[in-house]
Amino acid sequence: METRYDFGADQGRPIVYVRPVNVADLPEDMREQAMGSETLYALHTEDGERLALVRDRRLAFVLARQNNMDPVTVH
């Protein structure tokens, strides 16, 4: 079966992927700025470019929405 479905016009809002990052895996200068956190949350574009690192998941979603992006969790 190959049935095409029209999902409508592209809304123009880019997707941004949110994923947890172990602070221990970051460069030393970034670990120092983590202020005792063990996990930060990274926002990435569809092609993998890191846009930001923030302290918690909620803030990552707020930041994405404030910048007209649709956040999606990545495991």
# chains A, B, ... in the order shown; residues from 1 in each chain; ligands from 1

call {"tool": "residues_around", "arguments": {"residues": "Asp70 of chain A", "least_positions_apart": "4", "cutoff": "8 Å", "atoms": "only C-alpha atoms", "output": "MDAnalysis selection string"}}
result
chainID A and resid 13:16 64:65

call {"tool": "select_by_dssp", "arguments": {"residues": "segment 1-60 of chain A", "states": "strand (DSSP E)", "output": "tab-separated table (two decimals) with all heavy atoms, in the first residue's frame"}}
result
chain	number	residue	atom	x	y	z
A	15	ILE	N	11.97	22.21	14.23
A	15	ILE	CA	12.03	21.30	15.38
A	15	ILE	C	13.39	21.46	16.03
A	15	ILE	O	14.41	21.61	15.36
A	15	ILE	CB	11.84	19.84	14.91
A	15	ILE	CG1	10.41	19.65	14.41
A	15	ILE	CG2	12.16	18.86	16.04
A	15	ILE	CD1	10.16	18.29	13.81
A	16	VAL	N	13.39	21.44	17.35
A	16	VAL	CA	14.64	21.45	18.11
A	16	VAL	C	14.59	20.24	19.04
A	16	VAL	O	13.56	19.94	19.63
A	16	VAL	CB	14.84	22.78	18.89
A	16	VAL	CG1	13.81	22.97	19.96
A	16	VAL	CG2	16.22	22.85	19.48
A	17	TYR	N	15.69	19.50	19.08
A	17	TYR	CA	15.76	18.28	19.88
A	17	TYR	C	16.38	18.59	21.23
A	17	TYR	O	17.41	19.25	21.32
A	17	TYR	CB	16.56	17.22	19.14
A	17	TYR	CG	15.87	16.80	17.87
A	17	TYR	CD1	16.23	17.35	16.65
A	17	TYR	CD2	14.83	15.88	17.90
A	17	TYR	CE1	15.58	16.99	15.49
A	17	TYR	CE2	14.17	15.52	16.73
A	17	TYR	CZ	14.56	16.07	15.53
A	17	TYR	OH	13.91	15.72	14.38
A	18	VAL	N	15.75	18.07	22.28
A	18	VAL	CA	16.21	18.29	23.66
A	18	VAL	C	16.70	16.94	24.19
A	18	VAL	O	15.97	15.95	24.15
A	18	VAL	CB	15.06	18.82	24.55
A	18	VAL	CG1	15.53	18.98	25.98
A	18	VAL	CG2	14.53	20.14	23.99
A	19	ARG	N	17.93	16.92	24.68
A	19	ARG	CA	18.46	15.68	25.23
A	19	ARG	C	19.32	15.95	26.45
A	19	ARG	O	19.98	17.00	26.55
A	19	ARG	CB	19.26	14.90	24.18
A	19	ARG	CG	20.58	15.51	23.83
A	19	ARG	CD	21.34	14.59	22.86
A	19	ARG	NE	22.67	15.07	22.61
A	19	ARG	CZ	23.74	14.73	23.32
A	19	ARG	NH1	23.63	13.89	24.32
A	19	ARG	NH2	24.93	15.22	23.03
A	20	PRO	N	19.32	15.02	27.41
A	20	PRO	CA	20.18	15.17	28.58
A	20	PRO	C	21.64	14.95	28.22
A	20	PRO	O	21.97	14.15	27.35
A	20	PRO	CB	19.67	14.09	29.54
A	20	PRO	CG	19.00	13.09	28.67
A	20	PRO	CD	18.51	13.81	27.46
A	21	VAL	N	22.51	15.67	28.91
A	21	VAL	CA	23.95	15.56	28.70
A	21	VAL	C	24.62	15.42	30.06
A	21	VAL	O	24.36	16.23	30.97
A	21	VAL	CB	24.51	16.82	27.98
A	21	VAL	CG1	26.02	16.76	27.87
A	21	VAL	CG2	23.86	17.01	26.64
A	22	ASN	N	25.45	14.40	30.23
A	22	ASN	CA	26.22	14.26	31.46
A	22	ASN	C	27.27	15.36	31.53
A	22	ASN	O	28.04	15.53	30.58
A	22	ASN	CB	26.95	12.91	31.50
A	22	ASN	CG	26.17	11.85	32.19
A	22	ASN	OD1	25.37	12.13	33.06
A	22	ASN	ND2	26.42	10.62	31.80
A	39	THR	N	23.67	16.78	35.39
A	39	THR	CA	23.07	16.69	34.07
A	39	THR	C	22.62	18.06	33.59
A	39	THR	O	22.05	18.83	34.37
A	39	THR	CB	21.84	15.75	34.09
A	39	THR	OG1	22.24	14.48	34.58
A	39	THR	CG2	21.24	15.59	32.71
A	40	LEU	N	22.91	18.37	32.34
A	40	LEU	CA	22.38	19.57	31.69
A	40	LEU	C	21.54	19.10	30.51
A	40	LEU	O	21.54	17.91	30.18
A	40	LEU	CB	23.53	20.46	31.20
A	40	LEU	CG	24.44	21.05	32.27
A	40	LEU	CD1	25.57	21.84	31.61
A	40	LEU	CD2	23.67	21.93	33.22
A	41	TYR	N	20.85	20.01	29.87
A	41	TYR	CA	20.02	19.66	28.72
A	41	TYR	C	20.46	20.47	27.51
A	41	TYR	O	20.59	21.68	27.59
A	41	TYR	CB	18.54	19.87	29.03
A	41	TYR	CG	18.06	18.82	30.01
A	41	TYR	CD1	18.29	18.97	31.37
A	41	TYR	CD2	17.48	17.65	29.55
A	41	TYR	CE1	17.92	17.99	32.27
A	41	TYR	CE2	17.10	16.67	30.44
A	41	TYR	CZ	17.32	16.83	31.79
A	41	TYR	OH	16.96	15.85	32.67
A	42	ALA	N	20.71	19.75	26.42
A	42	ALA	CA	21.18	20.37	25.19
A	42	ALA	C	20.02	20.50	24.22
A	42	ALA	O	19.15	19.63	24.14
A	42	ALA	CB	22.28	19.53	24.56
A	43	LEU	N	20.01	21.61	23.47
A	43	LEU	CA	19.05	21.82	22.39
A	43	LEU	C	19.83	21.73	21.09
A	43	LEU	O	20.86	22.40	20.94
A	43	LEU	CB	18.39	23.19	22.51
A	43	LEU	CG	17.37	23.35	23.62
A	43	LEU	CD1	18.03	23.65	24.94
A	43	LEU	CD2	16.39	24.43	23.27
A	44	HIS	N	19.36	20.89	20.17
A	44	HIS	CA	20.04	20.65	18.91
A	44	HIS	C	19.10	20.88	17.73
A	44	HIS	O	17.91	20.59	17.83
A	44	HIS	CB	20.54	19.20	18.82
A	44	HIS	CG	21.63	18.87	19.77
A	44	HIS	ND1	22.95	19.00	19.43
A	44	HIS	CD2	21.60	18.44	21.04
A	44	HIS	CE1	23.70	18.64	20.46
A	44	HIS	NE2	22.90	18.29	21.45
A	50	ARG	N	24.50	21.96	18.07
A	50	ARG	CA	24.08	22.32	19.42
A	50	ARG	C	23.81	23.82	19.48
A	50	ARG	O	24.67	24.63	19.14
A	50	ARG	CB	25.14	21.96	20.46
A	50	ARG	CG	24.66	22.26	21.88
A	50	ARG	CD	25.70	21.99	22.93
A	50	ARG	NE	26.01	20.58	23.02
A	50	ARG	CZ	27.07	20.10	23.63
A	50	ARG	NH1	27.92	20.91	24.22
A	50	ARG	NH2	27.29	18.81	23.66
A	51	LEU	N	22.62	24.15	19.92
A	51	LEU	CA	22.23	25.56	20.02
A	51	LEU	C	22.44	26.11	21.42
A	51	LEU	O	22.79	27.28	21.57
A	51	LEU	CB	20.75	25.72	19.65
A	51	LEU	CG	20.35	25.29	18.25
A	51	LEU	CD1	18.85	25.37	18.09
A	51	LEU	CD2	21.06	26.16	17.22
A	52	ALA	N	22.21	25.28	22.44
A	52	ALA	CA	22.30	25.78	23.81
A	52	ALA	C	22.42	24.62	24.78
A	52	ALA	O	22.04	23.49	24.48
A	52	ALA	CB	21.06	26.60	24.15
A	53	LEU	N	22.94	24.92	25.96
A	53	LEU	CA	22.95	24.02	27.11
A	53	LEU	C	22.27	24.76	28.25
A	53	LEU	O	22.61	25.92	28.53
A	53	LEU	CB	24.37	23.67	27.54
A	53	LEU	CG	25.09	22.57	26.80
A	53	LEU	CD1	26.55	22.53	27.22
A	53	LEU	CD2	24.42	21.24	27.04
A	54	VAL	N	21.31	24.11	28.90
A	54	VAL	CA	20.60	24.75	30.00
A	54	VAL	C	20.53	23.79	31.18
A	54	VAL	O	20.77	22.60	31.05
A	54	VAL	CB	19.18	25.19	29.58
A	54	VAL	CG1	19.26	26.29	28.52
A	54	VAL	CG2	18.35	24.03	29.08

call {"tool": "atom_distance", "arguments": {"atom1": "atom CA of Glu38 of chain A", "atom2": "atom CA of Val23 of chain A"}}
result
5.3 Å

call {"tool": "closest_residue", "arguments": {"among": "A:Thr45, A:Ala24, A:Ser37, A:Pro71", "to": "Leu59 of chain A", "atoms": "only C-alpha atoms"}}
result
A:Pro71

call {"tool": "closest_residue", "arguments": {"among": "A:Gly12, A:Leu26, A:Val74, A:Met69", "to": "Gly48 of chain A", "atoms": "only C-alpha atoms"}}
result
A:Val74
